[in-house]
$ cat run_37.pdb   # PDB, C-alpha atoms
MODEL        1
ATOM      1  CA  MET A   7     135.685 123.311  82.595  1.00  0.00           C
ATOM      2  CA  ALA A   8     133.196 125.628  84.227  1.00  0.00           C
ATOM      3  CA  THR A   9     130.410 124.001  82.238  1.00  0.00           C
ATOM      4  CA  ASP A  10     131.604 120.547  83.316  1.00  0.00           C
ATOM      5  CA  LEU A  11     131.425 121.697  86.905  1.00  0.00           C
ATOM      6  CA  ALA A  12     127.907 123.024  86.341  1.00  0.00           C
ATOM      7  CA  LYS A  13     126.921 119.719  84.742  1.00  0.00           C
ATOM      8  CA  ASP A  14     128.295 117.768  87.687  1.00  0.00           C
ATOM      9  CA  LEU A  15     126.446 120.022  90.100  1.00  0.00           C
ATOM     10  CA  ALA A  16     123.203 119.583  88.186  1.00  0.00           C
ATOM     11  CA  LYS A  17     123.722 115.822  88.149  1.00  0.00           C
ATOM     12  CA  ASP A  18     124.287 115.774  91.922  1.00  0.00           C
ATOM     13  CA  LEU A  19     121.208 117.910  92.503  1.00  0.00           C
ATOM     14  CA  ALA A  20     119.094 115.619  90.354  1.00  0.00           C
ATOM     15  CA  LYS A  21     120.454 112.609  92.229  1.00  0.00           C
ATOM     16  CA  ASP A  22     119.616 114.201  95.614  1.00  0.00           C
ATOM     17  CA  LEU A  23     116.140 115.103  94.420  1.00  0.00           C
ATOM     18  CA  ALA A  24     115.500 111.595  93.149  1.00  0.00           C
ATOM     19  CA  LYS A  25     116.698 110.212  96.473  1.00  0.00           C
ATOM     20  CA  ASP A  26     114.320 112.504  98.379  1.00  0.00           C
ATOM     21  CA  LEU A  27     111.421 111.461  96.200  1.00  0.00           C
ATOM     22  CA  ALA A  28     112.267 107.807  96.628  1.00  0.00           C
ATOM     23  CA  LYS A  29     112.422 108.100 100.428  1.00  0.00           C
ATOM     24  CA  ASP A  30     108.695 108.008 101.031  1.00  0.00           C
ATOM     25  CA  LEU A  31     108.322 105.041  98.713  1.00  0.00           C
ATOM     26  CA  GLU A  32     110.796 103.050 100.748  1.00  0.00           C
ATOM     27  CA  ASP A  33     109.076 103.722 104.059  1.00  0.00           C
ATOM     28  CA  VAL A  34     106.935 100.946 105.516  1.00  0.00           C
ATOM     29  CA  PHE A  35     103.383 101.492 106.807  1.00  0.00           C
ATOM     30  CA  GLU A  36     101.426  98.315 107.434  1.00  0.00           C
ATOM     31  CA  VAL A  37      98.805  96.612 109.586  1.00  0.00           C
ATOM     32  CA  THR A  38      98.797  92.853 109.881  1.00  0.00           C
ATOM     33  CA  ARG A  39      97.258  89.932 111.744  1.00  0.00           C
ATOM     34  CA  ASP A  40     100.621  88.136 111.713  1.00  0.00           C
ATOM     35  CA  PRO A  41     103.324  88.405 114.379  1.00  0.00           C
ATOM     36  CA  ILE A  42     105.636  91.341 113.632  1.00  0.00           C
ATOM     37  CA  ASP A  43     109.170  90.448 112.576  1.00  0.00           C
ATOM     38  CA  LYS A  44     111.114  93.285 114.180  1.00  0.00           C
ATOM     39  CA  SER A  45     114.490  92.370 112.689  1.00  0.00           C
ATOM     40  CA  ALA A  46     112.989  92.110 109.211  1.00  0.00           C
ATOM     41  CA  LEU A  47     111.429  95.571 109.562  1.00  0.00           C
ATOM     42  CA  GLU A  48     114.755  97.010 110.734  1.00  0.00           C
ATOM     43  CA  ALA A  49     116.468  95.430 107.752  1.00  0.00           C
ATOM     44  CA  ARG A  50     113.867  96.866 105.360  1.00  0.00           C
ATOM     45  CA  VAL A  51     114.429 100.460 106.490  1.00  0.00           C
ATOM     46  CA  LEU A  52     118.178 100.368 107.095  1.00  0.00           C
ATOM     47  CA  THR A  53     120.264 102.064 104.415  1.00  0.00           C
ATOM     48  CA  GLY A  54     123.934 102.938 104.293  1.00  0.00           C
ATOM     49  CA  ALA A  55     123.009 106.566 105.069  1.00  0.00           C
ATOM     50  CA  ALA A  56     121.907 105.658 108.592  1.00  0.00           C
ATOM     51  CA  GLY A  57     124.151 106.173 111.592  1.00  0.00           C
ATOM     52  CA  ALA A  58     121.351 105.432 114.042  1.00  0.00           C
ATOM     53  CA  ILE A  59     118.398 103.114 114.081  1.00  0.00           C
ATOM     54  CA  VAL A  60     115.835 103.620 116.846  1.00  0.00           C
ATOM     55  CA  THR A  61     113.190 100.958 117.349  1.00  0.00           C
ATOM     56  CA  PHE A  62     110.100 101.219 119.540  1.00  0.00           C
ATOM     57  CA  ASP A  63     108.520  97.882 120.333  1.00  0.00           C
ATOM     58  CA  GLY A  64     105.154  98.044 122.090  1.00  0.00           C
ATOM     59  CA  VAL A  65     104.347  94.763 123.833  1.00  0.00           C
ATOM     60  CA  VAL A  66     101.329  93.374 125.683  1.00  0.00           C
ATOM     61  CA  ARG A  67     101.567  93.958 129.450  1.00  0.00           C
ATOM     62  CA  ASN A  68     100.247  91.381 131.923  1.00  0.00           C
ATOM     63  CA  GLN A  69      98.241  93.777 134.081  1.00  0.00           C
ATOM     64  CA  THR A  70      96.283  97.029 134.064  1.00  0.00           C
ATOM     65  CA  LYS A  71      96.172  98.932 137.351  1.00  0.00           C
ATOM     66  CA  GLY A  72      96.861  95.695 139.205  1.00  0.00           C
ATOM     67  CA  ARG A  73      94.203  93.672 137.402  1.00  0.00           C
ATOM     68  CA  PRO A  74      95.736  90.677 135.602  1.00  0.00           C
ATOM     69  CA  VAL A  75      95.356  90.786 131.822  1.00  0.00           C
ATOM     70  CA  ILE A  76      95.142  87.513 129.923  1.00  0.00           C
ATOM     71  CA  SER A  77      95.332  88.874 126.398  1.00  0.00           C
ATOM     72  CA  LEU A  78      94.553  91.915 124.280  1.00  0.00           C
ATOM     73  CA  HIS A  79      92.167  92.011 121.376  1.00  0.00           C
ATOM     74  CA  TYR A  80      93.050  94.636 118.751  1.00  0.00           C
ATOM     75  CA  GLU A  81      90.596  95.828 116.132  1.00  0.00           C
ATOM     76  CA  ALA A  82      91.724  97.976 113.188  1.00  0.00           C
ATOM     77  CA  TYR A  83      90.341  99.905 110.238  1.00  0.00           C
ATOM     78  CA  PRO A  84      93.219  98.789 108.014  1.00  0.00           C
ATOM     79  CA  PRO A  85      93.062 101.120 104.980  1.00  0.00           C
ATOM     80  CA  MET A  86      92.566 104.221 107.115  1.00  0.00           C
ATOM     81  CA  ALA A  87      95.192 103.064 109.622  1.00  0.00           C
ATOM     82  CA  VAL A  88      97.758 102.897 106.828  1.00  0.00           C
ATOM     83  CA  ARG A  89      96.726 106.359 105.583  1.00  0.00           C
ATOM     84  CA  GLU A  90      97.120 107.842 109.070  1.00  0.00           C
ATOM     85  CA  MET A  91     100.495 106.162 109.531  1.00  0.00           C
ATOM     86  CA  ARG A  92     101.626 107.630 106.220  1.00  0.00           C
ATOM     87  CA  ARG A  93     100.438 111.035 107.412  1.00  0.00           C
ATOM     88  CA  ILE A  94     102.587 110.649 110.549  1.00  0.00           C
ATOM     89  CA  GLY A  95     105.492 109.819 108.250  1.00  0.00           C
ATOM     90  CA  GLN A  96     104.931 113.106 106.394  1.00  0.00           C
ATOM     91  CA  GLU A  97     104.766 115.024 109.683  1.00  0.00           C
ATOM     92  CA  ILE A  98     108.065 113.444 110.731  1.00  0.00           C
ATOM     93  CA  ARG A  99     109.751 114.467 107.475  1.00  0.00           C
ATOM     94  CA  GLU A 100     108.547 118.049 107.957  1.00  0.00           C
ATOM     95  CA  GLN A 101     109.933 118.230 111.493  1.00  0.00           C
ATOM     96  CA  TRP A 102     113.052 116.125 111.078  1.00  0.00           C
ATOM     97  CA  PRO A 103     114.132 116.319 107.417  1.00  0.00           C
ATOM     98  CA  GLN A 104     117.322 114.472 108.307  1.00  0.00           C
ATOM     99  CA  VAL A 105     115.376 111.266 109.021  1.00  0.00           C
ATOM    100  CA  ASP A 106     116.353 108.632 106.480  1.00  0.00           C
ATOM    101  CA  ARG A 107     113.568 106.041 106.642  1.00  0.00           C
ATOM    102  CA  ILE A 108     110.500 105.178 108.699  1.00  0.00           C
ATOM    103  CA  GLY A 109     108.900 101.793 109.294  1.00  0.00           C
ATOM    104  CA  MET A 110     105.659 101.218 111.231  1.00  0.00           C
ATOM    105  CA  ILE A 111     103.748  97.973 111.565  1.00  0.00           C
ATOM    106  CA  HIS A 112     100.678  97.607 113.793  1.00  0.00           C
ATOM    107  CA  ARG A 113      99.320  94.172 114.510  1.00  0.00           C
ATOM    108  CA  PHE A 114      95.657  93.410 115.171  1.00  0.00           C
ATOM    109  CA  GLY A 115      93.664  90.378 116.318  1.00  0.00           C
ATOM    110  CA  GLU A 116      94.264  88.407 119.516  1.00  0.00           C
ATOM    111  CA  LEU A 117      97.649  89.086 121.172  1.00  0.00           C
ATOM    112  CA  GLN A 118      99.231  87.264 124.093  1.00  0.00           C
ATOM    113  CA  ILE A 119     101.394  88.691 126.903  1.00  0.00           C
ATOM    114  CA  SER A 120     104.783  89.996 125.676  1.00  0.00           C
ATOM    115  CA  GLU A 121     103.803  89.845 122.014  1.00  0.00           C
ATOM    116  CA  SER A 122     104.471  93.007 119.981  1.00  0.00           C
ATOM    117  CA  SER A 123     101.431  95.045 118.993  1.00  0.00           C
ATOM    118  CA  ILE A 124     103.351  97.878 117.357  1.00  0.00           C
ATOM    119  CA  VAL A 125     106.895  98.235 116.060  1.00  0.00           C
ATOM    120  CA  ILE A 126     108.216 101.590 114.849  1.00  0.00           C
ATOM    121  CA  VAL A 127     111.687 101.971 113.358  1.00  0.00           C
ATOM    122  CA  VAL A 128     113.276 105.290 112.430  1.00  0.00           C
ATOM    123  CA  THR A 129     116.720 105.649 110.915  1.00  0.00           C
ATOM    124  CA  SER A 130     118.790 108.810 110.520  1.00  0.00           C
ATOM    125  CA  PRO A 131     122.426 109.770 110.028  1.00  0.00           C
ATOM    126  CA  HIS A 132     122.663 110.858 113.693  1.00  0.00           C
ATOM    127  CA  ARG A 133     120.787 109.620 116.763  1.00  0.00           C
ATOM    128  CA  LYS A 134     118.917 112.736 117.912  1.00  0.00           C
ATOM    129  CA  ALA A 135     116.502 112.917 115.005  1.00  0.00           C
ATOM    130  CA  ALA A 136     115.823 109.175 115.127  1.00  0.00           C
ATOM    131  CA  PHE A 137     115.046 109.240 118.874  1.00  0.00           C
ATOM    132  CA  ALA A 138     112.793 112.299 118.593  1.00  0.00           C
ATOM    133  CA  ALA A 139     110.974 111.092 115.477  1.00  0.00           C
ATOM    134  CA  CYS A 140     110.389 107.627 116.913  1.00  0.00           C
ATOM    135  CA  GLN A 141     108.874 109.068 120.101  1.00  0.00           C
ATOM    136  CA  TYR A 142     106.729 111.432 118.045  1.00  0.00           C
ATOM    137  CA  ALA A 143     105.537 108.538 115.879  1.00  0.00           C
ATOM    138  CA  ILE A 144     104.249 106.397 118.756  1.00  0.00           C
ATOM    139  CA  ASP A 145     102.674 109.378 120.569  1.00  0.00           C
ATOM    140  CA  ARG A 146     100.907 110.474 117.395  1.00  0.00           C
ATOM    141  CA  LEU A 147      99.859 106.942 116.470  1.00  0.00           C
ATOM    142  CA  LYS A 148      98.068 106.617 119.788  1.00  0.00           C
ATOM    143  CA  GLN A 149      96.029 109.742 118.969  1.00  0.00           C
ATOM    144  CA  THR A 150      95.146 109.281 115.322  1.00  0.00           C
ATOM    145  CA  VAL A 151      95.624 105.790 113.902  1.00  0.00           C
ATOM    146  CA  PRO A 152      92.273 103.935 113.914  1.00  0.00           C
ATOM    147  CA  VAL A 153      93.062 100.906 116.056  1.00  0.00           C
ATOM    148  CA  TRP A 154      91.229  99.935 119.255  1.00  0.00           C
ATOM    149  CA  LYS A 155      92.153  97.493 121.988  1.00  0.00           C
ATOM    150  CA  LYS A 156      90.083  95.489 124.381  1.00  0.00           C
ATOM    151  CA  GLU A 157      91.586  94.021 127.523  1.00  0.00           C
ATOM    152  CA  ILE A 158      90.617  90.447 128.266  1.00  0.00           C
ATOM    153  CA  PHE A 159      90.637  89.720 132.007  1.00  0.00           C
ATOM    154  CA  ALA A 160      90.040  86.420 133.783  1.00  0.00           C
ATOM    155  CA  ASP A 161      86.594  87.654 134.797  1.00  0.00           C
ATOM    156  CA  GLY A 162      85.560  89.957 131.972  1.00  0.00           C
ATOM    157  CA  GLU A 163      86.698  92.312 129.266  1.00  0.00           C
ATOM    158  CA  ALA A 164      86.785  96.061 128.618  1.00  0.00           C
ATOM    159  CA  TRP A 165      87.630  98.371 125.730  1.00  0.00           C
ATOM    160  CA  VAL A 166      90.491 100.723 126.512  1.00  0.00           C
ATOM    161  CA  GLU A 167      89.127 104.240 126.289  1.00  0.00           C
ATOM    162  CA  GLY A 168      91.163 106.641 124.179  1.00  0.00           C
ATOM    163  CA  SER A 169      90.927 110.401 124.433  1.00  0.00           C
ATOM    164  CA  MET A 170      89.553 112.714 121.753  1.00  0.00           C
ATOM    165  CA  PRO A 171      92.452 113.624 119.441  1.00  0.00           C
ATOM    166  CA  ASP A 172      93.377 117.149 118.361  1.00  0.00           C
ATOM    167  CA  LEU A 173      93.936 115.946 114.836  1.00  0.00           C
ATOM    168  CA  ALA A 174      90.374 114.759 114.265  1.00  0.00           C
ATOM    169  CA  THR A 175      89.244 118.331 113.743  1.00  0.00           C
ATOM    170  CA  ASP A 176      92.584 119.495 112.277  1.00  0.00           C
ATOM    171  CA  SER A 177      92.608 117.035 109.429  1.00  0.00           C
ATOM    172  CA  ALA A 178      88.875 117.465 108.945  1.00  0.00           C
ATOM    173  CA  SER A 179      89.363 121.178 108.395  1.00  0.00           C
ATOM    174  CA  THR A 180      91.872 120.520 105.624  1.00  0.00           C
ATOM    175  CA  ASN A 181      89.233 118.231 104.178  1.00  0.00           C
ATOM    176  CA  SER A 182      86.367 120.628 103.889  1.00  0.00           C
TER
ATOM    177  CA  MET B  28      71.054 108.537  98.693  1.00  0.00           C
ATOM    178  CA  ARG B  29      72.775 105.447  99.931  1.00  0.00           C
ATOM    179  CA  VAL B  30      75.957 105.509 102.036  1.00  0.00           C
ATOM    180  CA  ASN B  31      77.962 102.665 103.472  1.00  0.00           C
ATOM    181  CA  VAL B  32      78.442 102.796 107.260  1.00  0.00           C
ATOM    182  CA  LEU B  33      81.209 101.017 109.159  1.00  0.00           C
ATOM    183  CA  PHE B  34      81.370 100.659 112.952  1.00  0.00           C
ATOM    184  CA  PHE B  35      84.485  99.889 114.951  1.00  0.00           C
ATOM    185  CA  GLY B  36      85.408  99.030 118.535  1.00  0.00           C
ATOM    186  CA  ALA B  37      82.908  99.783 121.269  1.00  0.00           C
ATOM    187  CA  CYS B  38      80.660 101.554 118.716  1.00  0.00           C
ATOM    188  CA  ARG B  39      80.388  98.334 116.726  1.00  0.00           C
ATOM    189  CA  GLU B  40      79.241  96.481 119.829  1.00  0.00           C
ATOM    190  CA  ALA B  41      76.781  99.257 120.730  1.00  0.00           C
ATOM    191  CA  ALA B  42      75.348  98.965 117.213  1.00  0.00           C
ATOM    192  CA  SER B  43      74.283  95.391 118.018  1.00  0.00           C
ATOM    193  CA  GLY B  44      77.589  94.058 116.730  1.00  0.00           C
ATOM    194  CA  THR B  45      76.847  95.342 113.226  1.00  0.00           C
ATOM    195  CA  GLY B  46      80.139  95.979 111.478  1.00  0.00           C
ATOM    196  CA  GLU B  47      78.682  97.363 108.273  1.00  0.00           C
ATOM    197  CA  LEU B  48      75.368  98.644 106.975  1.00  0.00           C
ATOM    198  CA  ALA B  49      73.881 100.454 103.995  1.00  0.00           C
ATOM    199  CA  LEU B  50      72.059 103.605 105.053  1.00  0.00           C
ATOM    200  CA  GLU B  51      69.428 105.330 102.915  1.00  0.00           C
ATOM    201  CA  LEU B  52      69.274 109.083 103.593  1.00  0.00           C
ATOM    202  CA  ALA B  53      67.345 111.972 102.098  1.00  0.00           C
ATOM    203  CA  ASP B  54      69.475 114.357 100.025  1.00  0.00           C
ATOM    204  CA  PRO B  55      71.164 116.586 101.163  1.00  0.00           C
ATOM    205  CA  ALA B  56      72.712 114.854 104.144  1.00  0.00           C
ATOM    206  CA  THR B  57      75.701 115.405 106.396  1.00  0.00           C
ATOM    207  CA  VAL B  58      77.646 113.216 108.792  1.00  0.00           C
ATOM    208  CA  GLU B  59      75.357 114.619 111.497  1.00  0.00           C
ATOM    209  CA  THR B  60      72.231 113.518 109.590  1.00  0.00           C
ATOM    210  CA  ALA B  61      73.583 109.989 109.357  1.00  0.00           C
ATOM    211  CA  TRP B  62      74.575 109.984 113.036  1.00  0.00           C
ATOM    212  CA  ARG B  63      71.022 111.044 114.069  1.00  0.00           C
ATOM    213  CA  ASP B  64      69.599 108.226 111.968  1.00  0.00           C
ATOM    214  CA  LEU B  65      71.998 105.707 113.514  1.00  0.00           C
ATOM    215  CA  LEU B  66      71.130 106.857 117.052  1.00  0.00           C
ATOM    216  CA  GLY B  67      67.482 106.099 116.230  1.00  0.00           C
ATOM    217  CA  ARG B  68      68.369 102.598 115.074  1.00  0.00           C
ATOM    218  CA  TYR B  69      70.840 101.814 117.848  1.00  0.00           C
ATOM    219  CA  PRO B  70      69.970 103.765 121.022  1.00  0.00           C
ATOM    220  CA  ASP B  71      73.020 102.229 122.778  1.00  0.00           C
ATOM    221  CA  LEU B  72      75.169 104.529 120.609  1.00  0.00           C
ATOM    222  CA  THR B  73      73.812 107.505 122.576  1.00  0.00           C
ATOM    223  CA  ARG B  74      76.475 107.084 125.249  1.00  0.00           C
ATOM    224  CA  PHE B  75      79.124 107.943 122.625  1.00  0.00           C
ATOM    225  CA  GLU B  76      77.503 111.292 121.766  1.00  0.00           C
ATOM    226  CA  GLY B  77      80.284 113.357 123.361  1.00  0.00           C
ATOM    227  CA  ALA B  78      83.132 111.087 122.279  1.00  0.00           C
ATOM    228  CA  VAL B  79      82.609 109.726 118.804  1.00  0.00           C
ATOM    229  CA  LEU B  80      84.791 110.141 115.754  1.00  0.00           C
ATOM    230  CA  PHE B  81      83.778 110.013 112.114  1.00  0.00           C
ATOM    231  CA  ALA B  82      85.761 109.238 109.002  1.00  0.00           C
ATOM    232  CA  LEU B  83      84.508 109.883 105.509  1.00  0.00           C
ATOM    233  CA  ASN B  84      86.161 107.741 102.860  1.00  0.00           C
ATOM    234  CA  GLU B  85      89.028 106.974 105.257  1.00  0.00           C
ATOM    235  CA  GLU B  86      89.718 110.595 106.300  1.00  0.00           C
ATOM    236  CA  TYR B  87      88.625 112.149 109.600  1.00  0.00           C
ATOM    237  CA  ALA B  88      85.507 114.237 109.025  1.00  0.00           C
ATOM    238  CA  ARG B  89      83.489 116.804 110.934  1.00  0.00           C
ATOM    239  CA  ARG B  90      79.786 116.468 111.632  1.00  0.00           C
ATOM    240  CA  GLU B  91      79.001 119.244 109.135  1.00  0.00           C
ATOM    241  CA  ALA B  92      80.719 117.394 106.297  1.00  0.00           C
ATOM    242  CA  PRO B  93      78.293 116.722 103.430  1.00  0.00           C
ATOM    243  CA  LEU B  94      77.665 113.148 102.321  1.00  0.00           C
ATOM    244  CA  ALA B  95      77.498 111.974  98.732  1.00  0.00           C
ATOM    245  CA  ALA B  96      75.964 108.777  97.403  1.00  0.00           C
ATOM    246  CA  GLY B  97      78.391 105.896  97.689  1.00  0.00           C
ATOM    247  CA  ASP B  98      80.440 107.472 100.484  1.00  0.00           C
ATOM    248  CA  THR B  99      81.820 105.275 103.241  1.00  0.00           C
ATOM    249  CA  LEU B 100      81.201 106.698 106.701  1.00  0.00           C
ATOM    250  CA  ALA B 101      83.097 105.105 109.587  1.00  0.00           C
ATOM    251  CA  VAL B 102      81.859 105.598 113.158  1.00  0.00           C
ATOM    252  CA  PHE B 103      84.177 104.835 116.063  1.00  0.00           C
ATOM    253  CA  PRO B 104      85.272 105.869 119.559  1.00  0.00           C
ATOM    254  CA  PRO B 105      88.612 107.632 120.195  1.00  0.00           C
ATOM    255  CA  VAL B 106      91.403 105.313 119.136  1.00  0.00           C
ATOM    256  CA  SER B 107      93.384 103.217 121.626  1.00  0.00           C
ATOM    257  CA  GLY B 108      96.032 101.455 119.595  1.00  0.00           C
ATOM    258  CA  GLY B 109      99.727 101.133 120.252  1.00  0.00           C
TER
ENDMDL
END
$ encode --input "run_37.pdb" --output "structure tokens"
Amino acid sequence: MATDLAKDLAKDLAKDLAKDLAKDLEDVFEVTRDPIDKSALEARVLTGAAGAIVTFDGVVRNQTKGRPVISLHYEAYPPMAVREMRRIGQEIREQWPQVDRIGMIHRFGELQISESSIVIVVTSPHRKAAFAACQYAIDRLKQTVPVWKKEIFADGEAWVEGSMPDLATDSASTNS
Amino acid sequence: MRVNVLFFGACREAASGTGELALELADPATVETAWRDLLGRYPDLTRFEGAVLFALNEEYARREAPLAAGDTLAVFPPVSGG
């Protein structure tokens, strides 16, 4: 009987391990020219283990410091953008191991007012981790994921200037 | 050695709109060597001197990072996505 119990325990452990390994594979990290289907992304990352699903939807605003914006032009370095998103996913799992799944899709190209440029979905058994991880994801994305936006005004256009990220040197040091 | 250079965002425009170019450099070379060469070709890039980022084969890289033939070096300003 004791051996049966040990067997069951081992089986459960193996199952948990397999589930952990599968987690990253089921996350979503994408860049696309197409409009983002928020509900579809939520459906892709929602599992029965989730008790909370937190979605951040970044949309195009119609003005910058009072100057009317007509549209936003996003440029991306797609393969590196996906790599950096995946890295953010790893950072989230280190800080909030209870997070179930992560989905991030960044759109590029020409976007109109109120269209979504970025959608991030985080699910977890309880809300706190999902809220915190989702906020972390968008803050980090704005520092490290290689995407640039240009504001198109009625009378001109201007690239939005980002600030130098901390991670640029951090990740470079792990590189060399 | 030959490396492939990619420009993005405002850096692409400063490099005369060139998105991609093959750069021939003397061996050994670093990211910094390539950057100096690019500044010579596209003087408009000079205004990014204090705020430019580099990626080597899709990973952020420092200026001291050595280049190898066939590497892809991306040159871009701080990101502004989201």
$ interface_residues --input "run_37.pdb" --of "chain A" --to "chain B" --cutoff "10 Å" --atoms "all atoms listed in the file" --output "ChimeraX atom specification"
/A:63-66,80-90,112-114,122-125,144-156,164-171,173-182
$ residues_around --input "run_37.pdb" --residues "Ile108 in chain A" --least-positions-apart "4" --cutoff "7 Å" --atoms "only C-alpha atoms" --output "PyMOL selection string"
chain A and resi 33-34+51+95+127-129
$ write_last_selection --input "run_37.pdb" --atoms "C-alpha atoms" --output "PDB file, keeping the file's coordinate frame"
ATOM      1  CA  ASP A  33     109.076 103.722 104.059  1.00  0.00           C
ATOM      2  CA  VAL A  34     106.935 100.946 105.516  1.00  0.00           C
ATOM      3  CA  VAL A  51     114.429 100.460 106.490  1.00  0.00           C
ATOM      4  CA  GLY A  95     105.492 109.819 108.250  1.00  0.00           C
ATOM      5  CA  VAL A 127     111.687 101.971 113.358  1.00  0.00           C
ATOM      6  CA  VAL A 128     113.276 105.290 112.430  1.00  0.00           C
ATOM      7  CA  THR A 129     116.720 105.649 110.915  1.00  0.00           C
TER       8      THR A 129
END
$ closest_residue --input "run_37.pdb" --among "A:Ile119, A:Leu52, A:Ala138, A:Ala12" --to "Ser77 in chain A" --atoms "only C-alpha atoms"
A:Ile119
$ resolve_selection --input "run_37.pdb" --expression "the PyMOL selection byres ((chain B and resi 45-55) around 6)" --output "PDB file with C-alpha atoms, in the coordinates of the input"
ATOM      1  CA  MET B  28      71.054 108.537  98.693  1.00  0.00           C
ATOM      2  CA  ARG B  29      72.775 105.447  99.931  1.00  0.00           C
ATOM      3  CA  VAL B  30      75.957 105.509 102.036  1.00  0.00           C
ATOM      4  CA  ASN B  31      77.962 102.665 103.472  1.00  0.00           C
ATOM      5  CA  VAL B  32      78.442 102.796 107.260  1.00  0.00           C
ATOM      6  CA  LEU B  33      81.209 101.017 109.159  1.00  0.00           C
ATOM      7  CA  PHE B  34      81.370 100.659 112.952  1.00  0.00           C
ATOM      8  CA  ARG B  39      80.388  98.334 116.726  1.00  0.00           C
ATOM      9  CA  ALA B  42      75.348  98.965 117.213  1.00  0.00           C
ATOM     10  CA  SER B  43      74.283  95.391 118.018  1.00  0.00           C
ATOM     11  CA  GLY B  44      77.589  94.058 116.730  1.00  0.00           C
ATOM     12  CA  ALA B  56      72.712 114.854 104.144  1.00  0.00           C
TER      13      ALA B  56
END
$ axis_aligned_box --input "run_37.pdb" --around "range 80-89 of chain B" --padding-each-side "4 Å" --output "JSON"
{"center_x": 86.6, "center_y": 111.9, "center_z": 109.3, "size_x": 14.2, "size_y": 17.8, "size_z": 20.9}
$ atom_distance --input "run_37.pdb" --atom1 "CA of Phe75 in chain B" --atom2 "CA of Val37 in chain A"
26.2 Å
$ atom_distance --input "run_37.pdb" --atom1 "CA of Glu36 in chain A" --atom2 "CA of Val75 in chain A"
26.2 Å
$ resolve_selection --input "run_37.pdb" --expression "the PyMOL selection byres ((chain A and resi 104) around 7)" --output "PyMOL selection string"
chain A and resi 102-103+105-106+130+135
$ resolve_selection --input "run_37.pdb" --expression "the PyMOL selection byres ((chain A and resi 73) around 12)" --output "PDB file with C-alpha atoms, in the coordinates of the input"
ATOM      1  CA  ARG A  67     101.567  93.958 129.450  1.00  0.00           C
ATOM      2  CA  ASN A  68     100.247  91.381 131.923  1.00  0.00           C
ATOM      3  CA  GLN A  69      98.241  93.777 134.081  1.00  0.00           C
ATOM      4  CA  THR A  70      96.283  97.029 134.064  1.00  0.00           C
ATOM      5  CA  LYS A  71      96.172  98.932 137.351  1.00  0.00           C
ATOM      6  CA  GLY A  72      96.861  95.695 139.205  1.00  0.00           C
ATOM      7  CA  PRO A  74      95.736  90.677 135.602  1.00  0.00           C
ATOM      8  CA  VAL A  75      95.356  90.786 131.822  1.00  0.00           C
ATOM      9  CA  ILE A  76      95.142  87.513 129.923  1.00  0.00           C
ATOM     10  CA  GLU A 157      91.586  94.021 127.523  1.00  0.00           C
ATOM     11  CA  ILE A 158      90.617  90.447 128.266  1.00  0.00           C
ATOM     12  CA  PHE A 159      90.637  89.720 132.007  1.00  0.00           C
ATOM     13  CA  ALA A 160      90.040  86.420 133.783  1.00  0.00           C
ATOM     14  CA  ASP A 161      86.594  87.654 134.797  1.00  0.00           C
ATOM     15  CA  GLY A 162      85.560  89.957 131.972  1.00  0.00           C
ATOM     16  CA  GLU A 163      86.698  92.312 129.266  1.00  0.00           C
ATOM     17  CA  ALA A 164      86.785  96.061 128.618  1.00  0.00           C
TER      18      ALA A 164
END
$ residues_around --input "run_37.pdb" --residues "Ala58 in chain A" --least-positions-apart "2" --cutoff "7 Å" --atoms "only C-alpha atoms" --output "VMD selection string"
chain A and resid 56 60 129 to 133 136
$ closest_residue --input "run_37.pdb" --among "B:Glu76, B:Glu40, B:Gly97, B:Asp71" --to "Glu59 in chain B" --atoms "only C-alpha atoms"
B:Glu76
$ atom_distance --input "run_37.pdb" --atom1 "CA of Gln96 in chain A" --atom2 "CA of Arg39 in chain A"
25.0 Å
$ build_atoms --input "run_37.pdb" --residues "range 54-59 of chain B" --atoms "N, CA, C and O atoms" --output "PDB file, in the frame of the given file"
ATOM      1  N   ASP B  54      68.486 113.402 100.520  1.00  0.00           N
ATOM      2  CA  ASP B  54      69.475 114.357 100.025  1.00  0.00           C
ATOM      3  C   ASP B  54      68.976 115.773 100.327  1.00  0.00           C
ATOM      4  O   ASP B  54      67.800 116.044 100.099  1.00  0.00           O
ATOM      5  N   PRO B  55      69.757 116.729 100.809  1.00  0.00           N
ATOM      6  CA  PRO B  55      71.164 116.586 101.163  1.00  0.00           C
ATOM      7  C   PRO B  55      71.321 116.028 102.587  1.00  0.00           C
ATOM      8  O   PRO B  55      70.442 116.203 103.414  1.00  0.00           O
ATOM      9  N   ALA B  56      72.456 115.412 102.815  1.00  0.00           N
ATOM     10  CA  ALA B  56      72.712 114.854 104.144  1.00  0.00           C
ATOM     11  C   ALA B  56      74.148 115.148 104.555  1.00  0.00           C
ATOM     12  O   ALA B  56      75.021 115.352 103.711  1.00  0.00           O
ATOM     13  N   THR B  57      74.353 115.208 105.862  1.00  0.00           N
ATOM     14  CA  THR B  57      75.701 115.405 106.396  1.00  0.00           C
ATOM     15  C   THR B  57      76.035 114.223 107.302  1.00  0.00           C
ATOM     16  O   THR B  57      75.186 113.350 107.543  1.00  0.00           O
ATOM     17  N   VAL B  58      77.243 114.233 107.824  1.00  0.00           N
ATOM     18  CA  VAL B  58      77.646 113.216 108.792  1.00  0.00           C
ATOM     19  C   VAL B  58      76.662 113.239 109.962  1.00  0.00           C
ATOM     20  O   VAL B  58      76.228 112.190 110.449  1.00  0.00           O
ATOM     21  N   GLU B  59      76.289 114.459 110.379  1.00  0.00           N
ATOM     22  CA  GLU B  59      75.357 114.619 111.497  1.00  0.00           C
ATOM     23  C   GLU B  59      73.999 113.954 111.200  1.00  0.00           C
ATOM     24  O   GLU B  59      73.435 113.275 112.064  1.00  0.00           O
TER      25      GLU B  59
END
